[in-house]
Structure formats: C-alpha cells, structure tokens
$ cat upload.csv   # CSV, C-alpha atoms and all ligand atoms
chain,number,residue,atom,x,y,z
A,2,MET,CA,13.0,20.4,-12.9
A,3,THR,CA,16.7,21.3,-12.9
A,4,GLY,CA,19.9,19.6,-11.7
A,5,MET,CA,19.7,15.9,-10.8
A,6,SER,CA,17.0,14.0,-12.6
A,7,TYR,CA,14.8,11.9,-10.4
A,8,ALA,CA,13.0,8.8,-11.5
A,9,LEU,CA,10.8,9.0,-8.4
A,10,ARG,CA,9.9,11.7,-6.0
A,11,ALA,CA,7.3,11.8,-3.2
A,12,GLU,CA,6.8,14.6,-0.7
A,13,GLY,CA,4.4,14.5,2.2
A,14,LEU,CA,2.7,11.4,0.9
A,15,LYS,CA,-0.3,10.1,3.0
A,16,LYS,CA,-2.8,7.4,2.6
A,17,SER,CA,-5.4,6.0,5.0
A,18,PHE,CA,-7.7,3.1,4.6
A,19,GLY,CA,-10.6,3.8,7.0
A,20,ALA,CA,-9.1,4.3,10.4
A,21,THR,CA,-5.8,2.7,9.3
A,22,GLN,CA,-3.0,5.2,8.5
A,23,ALA,CA,-1.1,3.0,6.1
A,24,VAL,CA,1.2,5.8,5.0
A,25,ARG,CA,1.5,8.7,7.5
A,26,HIS,CA,4.2,10.8,5.9
A,27,VAL,CA,6.6,9.7,3.3
A,28,ASP,CA,9.3,11.7,1.4
A,29,LEU,CA,11.3,9.7,-1.1
A,30,GLU,CA,13.7,10.5,-3.9
A,31,VAL,CA,15.2,8.0,-6.3
A,32,PRO,CA,17.8,9.5,-8.7
A,33,ALA,CA,17.4,8.2,-12.2
A,34,GLY,CA,19.3,5.0,-12.9
A,35,THR,CA,19.6,4.0,-9.2
A,36,VAL,CA,17.9,1.4,-6.9
A,37,LEU,CA,16.2,2.4,-3.7
A,38,GLY,CA,15.5,-0.4,-1.2
A,39,LEU,CA,12.4,0.3,0.8
A,40,LEU,CA,12.8,-1.8,3.8
A,41,GLY,CA,10.3,-2.4,6.6
A,42,PRO,CA,8.4,-5.0,8.6
A,43,ASN,CA,4.9,-6.3,7.8
A,44,GLY,CA,2.3,-3.6,7.6
A,45,ALA,CA,4.9,-0.8,7.5
A,46,GLY,CA,3.3,0.7,4.3
A,47,LYS,CA,5.7,-0.6,1.6
A,48,THR,CA,3.0,-2.0,-0.8
A,49,THR,CA,0.9,1.1,-0.3
A,50,VAL,CA,3.8,3.3,-1.4
A,51,VAL,CA,4.4,1.1,-4.4
A,52,ARG,CA,0.7,1.1,-5.3
A,53,MET,CA,0.6,4.9,-5.1
A,54,PHE,CA,3.6,5.3,-7.4
A,55,SER,CA,2.2,2.9,-9.9
A,56,THR,CA,-1.1,4.7,-10.2
A,57,LEU,CA,-3.1,1.9,-8.5
A,58,VAL,CA,-4.0,3.8,-5.3
A,59,ARG,CA,-4.7,7.5,-5.1
A,60,PRO,CA,-2.8,9.3,-2.3
A,61,ASP,CA,-4.8,11.3,0.2
A,62,ALA,CA,-2.2,14.1,0.3
A,63,GLY,CA,1.3,14.9,-0.9
A,64,ARG,CA,3.1,15.2,-4.2
A,65,ILE,CA,4.2,12.2,-6.1
A,66,GLU,CA,6.0,12.1,-9.4
A,67,VAL,CA,7.5,9.6,-11.9
A,68,TYR,CA,10.1,11.2,-14.1
A,69,GLY,CA,8.5,14.6,-13.4
A,70,PHE,CA,5.0,13.4,-14.3
A,71,ASP,CA,2.4,13.8,-11.6
A,72,VAL,CA,1.2,10.3,-10.8
A,73,VAL,CA,-2.4,11.5,-10.1
A,74,ARG,CA,-2.9,14.0,-12.9
A,75,GLN,CA,-0.7,12.4,-15.6
A,76,SER,CA,-1.3,8.7,-14.9
A,77,GLN,CA,-1.3,7.8,-18.6
A,78,GLN,CA,2.2,9.0,-19.1
A,79,VAL,CA,3.3,7.4,-15.9
A,80,ARG,CA,1.9,4.0,-16.9
A,81,THR,CA,4.0,4.0,-20.1
A,82,LEU,CA,7.2,4.3,-18.0
A,83,ILE,CA,6.7,1.7,-15.4
A,84,GLY,CA,6.8,-2.1,-14.9
A,85,LEU,CA,5.2,-3.5,-11.8
A,86,THR,CA,5.6,-6.8,-10.0
A,87,GLY,CA,3.0,-7.0,-7.3
A,88,GLN,CA,3.5,-8.8,-4.1
A,89,TYR,CA,1.1,-11.5,-5.4
A,90,ALA,CA,1.3,-13.1,-8.9
A,91,THR,CA,-0.8,-11.5,-11.6
A,92,VAL,CA,-0.3,-13.5,-14.7
A,93,ASP,CA,-3.1,-15.5,-16.3
A,94,GLY,CA,-3.0,-19.1,-15.1
A,95,ASN,CA,-4.9,-20.5,-18.1
A,96,ILE,CA,-2.3,-19.8,-20.7
A,97,SER,CA,1.3,-20.7,-20.9
A,98,GLY,CA,4.2,-18.7,-19.5
A,99,ARG,CA,5.4,-18.0,-23.0
A,100,GLU,CA,2.0,-16.8,-24.2
A,101,ASN,CA,1.6,-14.6,-21.1
A,102,LEU,CA,4.9,-12.9,-21.8
A,103,TYR,CA,4.2,-12.6,-25.5
A,104,LEU,CA,0.8,-11.0,-25.0
A,105,ILE,CA,2.2,-8.5,-22.5
A,106,GLY,CA,4.9,-7.6,-25.1
A,107,ARG,CA,2.2,-7.1,-27.7
A,108,LEU,CA,0.2,-4.9,-25.3
A,109,LEU,CA,3.4,-2.8,-24.8
A,110,ASN,CA,3.5,-2.3,-28.6
A,111,LEU,CA,6.3,-4.7,-29.4
A,112,SER,CA,6.1,-6.3,-32.9
A,113,ALA,CA,5.1,-9.9,-33.0
A,114,SER,CA,8.6,-11.1,-33.6
A,115,GLY,CA,10.0,-8.6,-31.0
A,116,ALA,CA,7.6,-9.8,-28.4
A,117,ARG,CA,8.5,-13.5,-29.1
A,118,ARG,CA,12.2,-12.7,-28.9
A,119,ARG,CA,11.8,-10.8,-25.6
A,120,ALA,CA,9.6,-13.6,-24.2
A,121,ASP,CA,12.1,-16.3,-25.1
A,122,GLU,CA,15.0,-14.2,-23.7
A,123,LEU,CA,13.3,-13.8,-20.4
A,124,LEU,CA,12.1,-17.4,-20.2
A,125,GLU,CA,15.7,-18.4,-20.6
A,126,ARG,CA,17.0,-15.9,-18.0
A,127,PHE,CA,14.4,-17.0,-15.4
A,128,ASP,CA,15.0,-20.7,-16.0
A,129,LEU,CA,11.5,-21.3,-17.4
A,130,VAL,CA,12.4,-22.8,-20.8
A,131,LYS,CA,11.2,-26.3,-20.0
A,132,ALA,CA,7.9,-25.1,-18.6
A,133,ALA,CA,7.4,-22.3,-21.2
A,134,ARG,CA,4.5,-24.0,-23.0
A,135,ARG,CA,2.6,-25.3,-20.1
A,136,PRO,CA,-0.4,-23.4,-18.6
A,137,VAL,CA,0.8,-21.3,-15.7
A,138,HIS,CA,-1.6,-22.9,-13.3
A,139,THR,CA,0.5,-26.0,-13.4
A,140,TYR,CA,3.6,-24.1,-12.2
A,141,SER,CA,5.1,-24.2,-8.7
A,142,GLY,CA,4.8,-21.1,-6.6
A,143,GLY,CA,8.4,-20.1,-7.3
A,144,MET,CA,7.9,-20.6,-11.1
A,145,ARG,CA,4.8,-18.5,-11.1
A,146,ARG,CA,6.6,-15.8,-9.3
A,147,ARG,CA,9.4,-15.9,-11.9
A,148,VAL,CA,6.9,-15.5,-14.8
A,149,ASP,CA,5.4,-12.5,-13.0
A,150,LEU,CA,8.8,-10.9,-12.6
A,151,ALA,CA,9.7,-11.6,-16.2
A,152,ALA,CA,6.3,-10.0,-17.2
A,153,SER,CA,7.2,-6.8,-15.4
A,154,MET,CA,10.5,-6.6,-17.3
A,155,ILE,CA,9.2,-7.2,-20.8
A,156,GLY,CA,9.1,-3.6,-21.9
A,157,ASN,CA,12.5,-2.7,-20.5
A,158,PRO,CA,10.7,-0.2,-18.3
A,159,ARG,CA,12.3,3.1,-17.3
A,160,VAL,CA,11.1,2.4,-13.7
A,161,LEU,CA,10.6,-1.0,-12.2
A,162,PHE,CA,8.7,-1.6,-9.0
A,163,LEU,CA,9.6,-4.8,-7.3
A,164,ASP,CA,7.4,-5.6,-4.2
A,165,GLU,CA,9.1,-8.3,-2.2
A,166,PRO,CA,10.3,-9.9,-5.4
A,167,THR,CA,12.2,-12.8,-3.9
A,168,THR,CA,9.7,-14.0,-1.4
A,169,GLY,CA,9.2,-17.7,-2.1
A,170,LEU,CA,12.2,-18.0,-4.5
A,171,ASP,CA,15.0,-20.5,-3.9
A,172,PRO,CA,18.6,-19.2,-3.7
A,173,ARG,CA,19.3,-19.9,-7.3
A,174,SER,CA,16.2,-18.1,-8.6
A,175,ARG,CA,16.9,-15.3,-6.3
A,176,ASN,CA,20.4,-14.9,-7.8
A,177,ASN,CA,18.9,-15.0,-11.3
A,178,LEU,CA,16.5,-12.2,-10.4
A,179,TRP,CA,19.3,-10.1,-8.8
A,180,ASN,CA,21.3,-10.5,-11.9
A,181,GLU,CA,18.4,-9.5,-14.1
A,182,VAL,CA,17.7,-6.4,-12.0
A,183,ARG,CA,21.4,-5.4,-12.2
A,184,LEU,CA,21.3,-5.8,-16.0
A,185,LEU,CA,18.3,-3.5,-16.3
A,186,VAL,CA,19.8,-1.0,-14.0
A,187,ALA,CA,23.0,-1.0,-16.1
A,188,GLN,CA,20.8,-0.1,-19.0
A,189,GLY,CA,19.3,2.8,-17.2
A,190,THR,CA,16.3,1.4,-15.4
A,191,SER,CA,15.5,2.9,-12.0
A,192,VAL,CA,14.1,0.5,-9.3
A,193,LEU,CA,12.0,0.8,-6.2
A,194,LEU,CA,12.5,-2.5,-4.4
A,195,THR,CA,10.6,-3.4,-1.3
A,196,THR,CA,12.0,-6.1,0.9
A,197,GLN,CA,12.1,-7.4,4.5
A,198,TYR,CA,15.6,-8.6,3.9
A,199,MET,CA,18.6,-6.4,4.6
A,200,GLU,CA,20.7,-8.8,2.6
A,201,GLU,CA,18.6,-8.2,-0.5
A,202,ALA,CA,18.6,-4.4,0.0
A,203,GLU,CA,22.4,-4.5,0.4
A,204,MET,CA,22.9,-6.7,-2.7
A,205,LEU,CA,20.9,-4.4,-5.0
A,206,ALA,CA,20.3,-1.0,-3.5
A,207,ASP,CA,22.3,2.2,-3.9
A,208,ALA,CA,20.3,3.6,-1.0
A,209,ILE,CA,18.0,2.2,1.6
A,210,ALA,CA,15.0,3.9,3.2
A,211,VAL,CA,13.7,2.2,6.3
A,212,ILE,CA,9.9,2.5,6.7
A,213,ASP,CA,8.0,1.8,9.9
A,214,SER,CA,4.4,2.5,10.7
A,215,GLY,CA,3.9,4.5,7.6
A,216,GLN,CA,6.9,6.8,8.1
A,217,ILE,CA,10.5,6.8,6.9
A,218,VAL,CA,12.7,6.3,10.0
A,219,ALA,CA,16.1,6.3,8.3
A,220,THR,CA,17.7,6.7,4.9
A,221,GLY,CA,21.2,6.2,3.6
A,222,THR,CA,23.6,3.8,2.0
A,223,PRO,CA,24.0,0.5,3.8
A,224,THR,CA,27.3,1.7,5.3
A,225,GLU,CA,25.8,5.0,6.5
A,226,LEU,CA,22.9,3.1,8.2
A,227,ARG,CA,25.3,0.8,10.0
A,228,THR,CA,27.5,3.7,11.1
A,229,ALA,CA,24.5,5.7,12.2
A,230,VAL,CA,23.1,3.1,14.5
A,231,GLY,CA,25.8,1.3,16.3
A,232,GLY,CA,29.3,2.5,16.1
A,233,GLN,CA,31.8,-0.3,15.7
A,234,VAL,CA,33.0,-3.4,17.4
A,235,LEU,CA,36.7,-3.9,18.2
A,236,GLN,CA,37.9,-7.5,18.4
A,237,VAL,CA,41.3,-8.4,19.9
A,238,ARG,CA,42.9,-11.8,19.9
A,239,PRO,CA,46.0,-12.1,22.1
A,240,ALA,CA,48.7,-14.5,20.8
A,241,ASP,CA,48.7,-16.2,24.2
A,242,PRO,CA,45.2,-16.9,25.6
A,243,ALA,CA,46.7,-16.5,29.0
A,244,ASP,CA,46.8,-12.7,28.2
A,245,LEU,CA,43.0,-12.3,27.8
A,246,ALA,CA,42.6,-10.7,31.2
A,247,ALA,CA,45.5,-8.4,30.7
A,248,VAL,CA,44.1,-7.3,27.3
A,249,ALA,CA,40.7,-6.7,28.8
A,250,ALA,CA,42.3,-4.6,31.6
A,251,VAL,CA,44.0,-2.4,29.0
A,252,LEU,CA,40.9,-2.0,26.9
A,253,SER,CA,38.7,-1.1,29.9
A,254,ALA,CA,40.2,2.4,29.7
A,255,ILE,CA,39.1,2.8,26.1
A,256,GLY,CA,35.9,2.6,24.1
A,257,SER,CA,32.2,3.3,24.8
A,258,GLY,CA,31.5,0.3,27.0
A,259,ALA,CA,33.1,-2.4,29.1
A,260,PRO,CA,35.2,-5.0,27.3
A,261,MET,CA,33.8,-8.5,27.1
A,262,THR,CA,36.1,-11.6,27.3
A,263,LEU,CA,35.1,-14.5,25.1
A,264,ALA,CA,37.4,-17.1,26.6
A,265,ASP,CA,36.3,-20.0,24.4
A,266,ASP,CA,37.0,-17.9,21.3
A,267,GLY,CA,40.2,-16.4,22.7
A,268,LEU,CA,38.8,-12.9,22.1
A,269,VAL,CA,38.1,-9.7,23.8
A,270,VAL,CA,35.5,-7.5,22.2
A,271,LEU,CA,34.8,-3.8,22.9
A,272,PRO,CA,32.2,-1.4,21.5
A,273,ILE,CA,34.0,1.7,20.1
A,274,GLY,CA,32.9,4.9,18.6
A,275,GLY,CA,35.4,5.1,15.7
A,276,GLU,CA,38.9,4.9,14.4
A,277,SER,CA,40.6,7.1,17.0
A,278,GLU,CA,39.7,4.5,19.6
A,279,LEU,CA,41.1,1.8,17.5
A,280,THR,CA,44.4,3.6,17.2
A,281,GLN,CA,44.3,4.3,21.0
A,282,ALA,CA,43.8,0.6,21.7
A,283,ILE,CA,46.6,-0.5,19.4
A,284,GLY,CA,49.0,1.9,21.2
A,285,ALA,CA,47.9,0.9,24.7
A,286,LEU,CA,48.2,-2.8,24.0
A,287,ALA,CA,51.7,-2.3,22.5
A,288,ALA,CA,52.7,-0.2,25.5
A,289,ALA,CA,51.6,-3.0,27.8
A,290,GLY,CA,53.9,-5.4,25.8
A,291,LEU,CA,51.0,-7.7,24.8
A,292,GLN,CA,51.6,-9.9,21.8
A,293,LEU,CA,48.5,-10.0,19.5
A,294,ALA,CA,47.5,-12.6,17.0
A,295,GLY,CA,44.8,-10.4,15.5
A,296,ILE,CA,42.9,-7.1,15.9
A,297,ASP,CA,40.0,-5.8,13.8
A,298,THR,CA,36.9,-3.7,13.8
A,299,HIS,CA,33.5,-4.4,12.2
A,300,LEU,CA,30.3,-2.6,11.8
A,301,PRO,CA,27.2,-4.1,13.3
A,302,SER,CA,25.3,-6.3,10.8
A,303,LEU,CA,22.5,-4.7,8.8
A,304,ASP,CA,20.0,-7.0,10.5
A,305,GLU,CA,21.0,-5.5,13.8
A,306,VAL,CA,20.5,-2.1,12.3
A,307,PHE,CA,17.1,-3.0,10.9
A,308,LEU,CA,16.0,-4.4,14.3
A,309,SER,CA,17.1,-1.4,16.1
A,310,LEU,CA,15.2,1.0,13.8
A,311,THR,CA,11.9,-0.7,13.6
A,312,SER,CA,9.3,-1.1,16.3
A,313,ASP,CA,8.1,-4.7,15.8
A,314,VAL,CA,10.9,-5.9,18.0
A,315,PRO,CA,10.1,-6.4,21.7
A,316,ASP,CA,13.7,-5.6,22.9
A,317,ARG,CA,14.2,-2.6,20.7
A,318,THR,CA,17.3,-0.7,21.3
A,319,THR,CA,17.1,3.1,21.1
A,320,THR,CA,19.8,5.2,19.5
B,1,LIG,N1,-6.9,-1.9,0.8
B,1,LIG,C1,-6.7,-1.8,2.1
B,1,LIG,N2,-7.7,-1.7,2.9
B,1,LIG,C2,-7.5,-1.6,4.3
B,1,LIG,N3,-6.3,-1.5,4.9
B,1,LIG,C3,-5.2,-1.7,4.1
B,1,LIG,C4,-5.3,-1.8,2.7
B,1,LIG,N4,-4.1,-1.9,2.2
B,1,LIG,C5,-3.2,-1.8,3.2
B,1,LIG,N5,-3.9,-1.7,4.4
B,1,LIG,C6,-3.3,-1.5,5.7
B,1,LIG,O1,-2.3,-0.6,5.6
B,1,LIG,C7,-1.2,-0.9,6.4
B,1,LIG,C8,0.1,-1.0,5.5
B,1,LIG,O2,-0.1,-2.1,4.6
B,1,LIG,P1,0.9,-2.4,3.4
B,1,LIG,O3,0.4,-3.5,2.6
B,1,LIG,O4,1.3,-1.1,2.7
B,1,LIG,O5,2.2,-2.9,4.3
B,1,LIG,P2,3.5,-3.6,3.8
B,1,LIG,O6,4.7,-2.9,4.3
B,1,LIG,O7,3.5,-3.9,2.3
B,1,LIG,O8,3.5,-5.0,4.6
B,1,LIG,P3,4.0,-6.5,4.1
B,1,LIG,O9,5.4,-6.6,4.5
B,1,LIG,O10,3.2,-7.4,5.0
B,1,LIG,O11,3.6,-6.7,2.7
B,1,LIG,C9,-1.5,-2.3,7.0
B,1,LIG,O12,-2.0,-2.0,8.3
B,1,LIG,C10,-2.6,-2.8,6.2
B,1,LIG,O13,-3.5,-3.6,6.9
B,2,MG,MG,3.5,-5.5,1.1

$ encode --input "upload.csv" --output "structure tokens"
Amino acid sequence: MTGMSYALRAEGLKKSFGATQAVRHVDLEVPAGTVLGLLGPNGAGKTTVVRMFSTLVRPDAGRIEVYGFDVVRQSQQVRTLIGLTGQYATVDGNISGRENLYLIGRLLNLSASGARRRADELLERFDLVKAARRPVHTYSGGMRRRVDLAASMIGNPRVLFLDEPTTGLDPRSRNNLWNEVRLLVAQGTSVLLTTQYMEEAEMLADAIAVIDSGQIVATGTPTELRTAVGGQVLQVRPADPADLAAVAAVLSAIGSGAPMTLADDGLVVLPIGGESELTQAIGALAAAGLQLAGIDTHLPSLDEVFLSLTSDVPDRTTT
C-alpha cells in the first residue's frame, strides 16, 4: 500500500445470517490515528461490522484489512493489533477488577510489574479504585462496563473497537471514557466507534459514517453531514417586536421556503441555502430601514441529520 496509511479498510463487505442480510454492502476507510464514528439505529449492522473487523465473524464477501493485514487470512497478526470492547461485558465476574486487568495485561505479554502498573492506572482513570479488589459480579452495570472498557485498553492497542461504549454509563463516566479515548488517539491509536448518539460521534469522531439496513448511507465530518442534509436556518430578531410582520414580508422574497414568525420569541426564521442568502437578507432588511437586535444562521442539529438519513423514523424527510 502506498500514500496514506489506513488503520482499517473494508470494500464490498457483506454478511448474512440465514435470511437476514445484516451487512449488505459496506465500504469503510479509517486513516491511521483517526476516529471513525459508525452511527446507525438498532439492527443497522454496526456490531456485525465490528465483529468482522475484529476476526470474530467471517465475512461472506468483500475485502477487509487492519493495517494492511487481511482479517480473514492473517487473523493472528490482526489480533495482536486490536483491542475490543463488545456491546456486552466480557470480563470474568468471579475475580476482582484489578485481577481481570492484570491477567489481560499478562496475556498481552506485559511483565508482572508492567501489568500491575497498567491495571492500577486504568482503575484510577475509570474511577474504580475503591472497587478494585471486589469480585466483578458485585459491581453495578456501569462499573462492569468500565472494567470492560479498561480491559480493551490495557495493551495500548493500535486499533480500538468500541461498540456502543457509553450505553449505560452516567455522564461523568462517559466523560472519563471520552477523555481516555482521546488520550489513546493522541498516542496514535485508531478507533472505530459505534454509537446511536450523534453527540458522542461529534465529541470523538474525525469522520462519521451513517449505516442503515446494512449499508452506508452517508459519510463525512459532522459539519459536512449537516450541510449535506439541510442547508441552514436564518434567525432574525427585530429590535422592536412590532416589526415582526415587516421583517417576515422582506424575508419572504429570499430563501428556500416561507419565513415563519415566532411571535412569542420575537423571531422570524427562514430556511436558507447558504451565505449568499444571508447577505441578501441583511441588505434587504437594511434597505427597508428595519432595526435588528440580532441575526444569525445555524446548521440543523446532528440529531435532525441522523433522523433524516435513517429509515426507522416514520416521518422521514427525504433529501
Ligand atoms: N448471530 C446472528 N444471527 C442471526 N442474526 C443476526 C446475528 N447477528 C446479527 N444478526 C442480525 O443482523 C442485523 C444486524 O445486527 P447488528 O447486531 O449488527 O446491528 P447493530 O447495528 O449492532 O444494532 P444495535 O444498535 O441494536 O446493537 C439484525 O437484524 C440482527 O438481528
Ligand atoms: Mg450492536
């Protein structure tokens, strides 16, 4: 391979379980040292993609590579590069959190003292110091999840798969996890993160791929996705609320839809295609002699983007 180095690549990936086409056709590229957020509703195929990349499920068709190693034919090499946190906890409930982490470190060829040090470091980072010596089966759901996440990070993997990592975590634990992921990425780890939350993808991901019914339906940075879907929203606040109707009248000649007056908020909002319409609006409002208290534009929220791209929503908007 030449040029950019990719941590993960898949081309024409397919997987069926009986009659269910879990993954119909997936192409993905994750440049080394970046985070890709794989975003999709329940049953979209996210876990199946992760399981194929992590050598746990064999694809029916397609090419799939981790750092240039073929996941099917070179699975041994691939396993040394990856850390995996499954959607469901996988640590041993009968032994303590600290022992779990220590043993995994040893399995990954850390020295006894190295494994102990790494275990203690992660217990600290994931707020598990107090519970460290208790058997994991006595932990709460969120604590268990945190041990599982810590376990996937023990070996400072080159590639980390996080399958809905923050499901069931409280806001503080979620923040700790995000920080931990950022730290690993700063050290060169590449991440494939699945999530149902736009917010999480936006916090962590360099790029987002939206998957629906086993197919990638959109890819891009969060900003690109917002722009692709909905254009922007212009919001105008006249200095004098008595001017709302006059503002709306001026704006009705501009933009890609009819202006809407929100009398209670003292605002007129208008969908627009881009900046030229913003400039036009400012000019027209000034020419009409209308005093403004505020004017701004914003992109549609990422949740709006997600809903408009995926099919599970009854009132899906097409683009
Ligand atoms: N081992 C399996 N046997 C049969 N069907 C499966 C299996 N694994 C996944 N599926 C089916 O494949 C589809 C995709 O499942 P997958 O778990 O990849 O979705 P997901 O995007 O991870 O969903 P969620 O957000 O609920 O975790 C679903 O219809 C699921 O029922
Ligand atoms: Mg899943």

$ residues_around --input "upload.csv" --residues "stretch 214-223 of chain A" --least-positions-apart "6" --cutoff "6 Å" --atoms "only C-alpha atoms" --output "PyMOL selection string"
chain A and resi 23-27+45-46+208

$ closest_residue --input "upload.csv" --among "A:Ala243, A:Val211, A:Leu194, A:Ala187" --to "A:Leu310" --atoms "all atoms listed in the file"
A:Val211

$ residues_around --input "upload.csv" --residues "A:Gln197" --least-positions-apart "6" --cutoff "12 Å" --atoms "all atoms listed in the file" --output "PyMOL selection string"
chain A and resi 38-48+164-168+203+209-213+303-304+307-308+311

$ closest_residue --input "upload.csv" --among "A:Ser55, A:Thr49, A:Ser97, A:Thr196" --to "A:Lys15" --atoms "all atoms listed in the file"
A:Thr49

$ closest_residue --input "upload.csv" --among "A:Met53, A:Arg99, A:Leu85, A:Trp179" --to "ligand LIG 1 (chain B)" --atoms "all atoms listed in the file"
A:Met53

$ residues_around --input "upload.csv" --residues "A:Leu111" --least-positions-apart "5" --cutoff "12 Å" --atoms "only C-alpha atoms" --output "JSON, numbers by chain"
{"A": [102, 103, 104, 105, 106, 116, 117, 118, 119, 120, 155, 156, 157]}

$ atom_distance --input "upload.csv" --atom1 "atom CA of A:Met5" --atom2 "atom CA of A:Val51"
22.2 Å

$ atom_distance --input "upload.csv" --atom1 "atom CA of A:Leu300" --atom2 "atom CA of A:Asp265"
22.3 Å

$ residues_around --input "upload.csv" --residues "A:Asp71" --least-positions-apart "5" --cutoff "10 Å" --atoms "only C-alpha atoms" --output "MDAnalysis selection string"
chainID A and resid 10:11 54 56 64:66 76:79

$ atom_distance --input "upload.csv" --atom1 "atom MG of ligand MG 2 (chain B)" --atom2 "atom CA of A:Asn177"
21.9 Å

$ closest_residue --input "upload.csv" --among "A:Leu14, A:Val31, A:Ile96, A:Leu235" --to "A:Gln281" --atoms "only C-alpha atoms"
A:Leu235

$ residues_near_point --input "upload.csv" --point "(-7.2, 9.0, -0.2)" --cutoff "7 Å" --atoms "all atoms listed in the file" --output "ChimeraX atom specification"
/A:16-17,59-61

$ residues_around --input "upload.csv" --residues "A:Ser141" --least-positions-apart "6" --cutoff "12 Å" --atoms "all atoms listed in the file" --output "compact mmCIF listing (two decimals) with C-alpha atoms, keeping the file's coordinate frame"
# COMPACT_ATOMS: atom_id res chain seq x y z
CA ALA A 90 1.30 -13.10 -8.90
CA GLY A 94 -3.00 -19.10 -15.10
CA LEU A 129 11.50 -21.30 -17.40
CA ALA A 132 7.90 -25.10 -18.60
CA ARG A 135 2.60 -25.30 -20.10
CA ARG A 147 9.40 -15.90 -11.90
CA VAL A 148 6.90 -15.50 -14.80
CA GLY A 169 9.20 -17.70 -2.10
CA LEU A 170 12.20 -18.00 -4.50
CA ASP A 171 15.00 -20.50 -3.90

$ closest_residue --input "upload.csv" --among "A:Arg183, A:Arg52, A:Tyr140, A:Glu201" --to "ligand MG 2 (chain B)" --atoms "all atoms listed in the file"
A:Arg52

$ closest_residue --input "upload.csv" --among "A:Val160, A:Leu123, A:Val92, A:Ala288" --to "A:Arg145" --atoms "all atoms listed in the file"
A:Val92
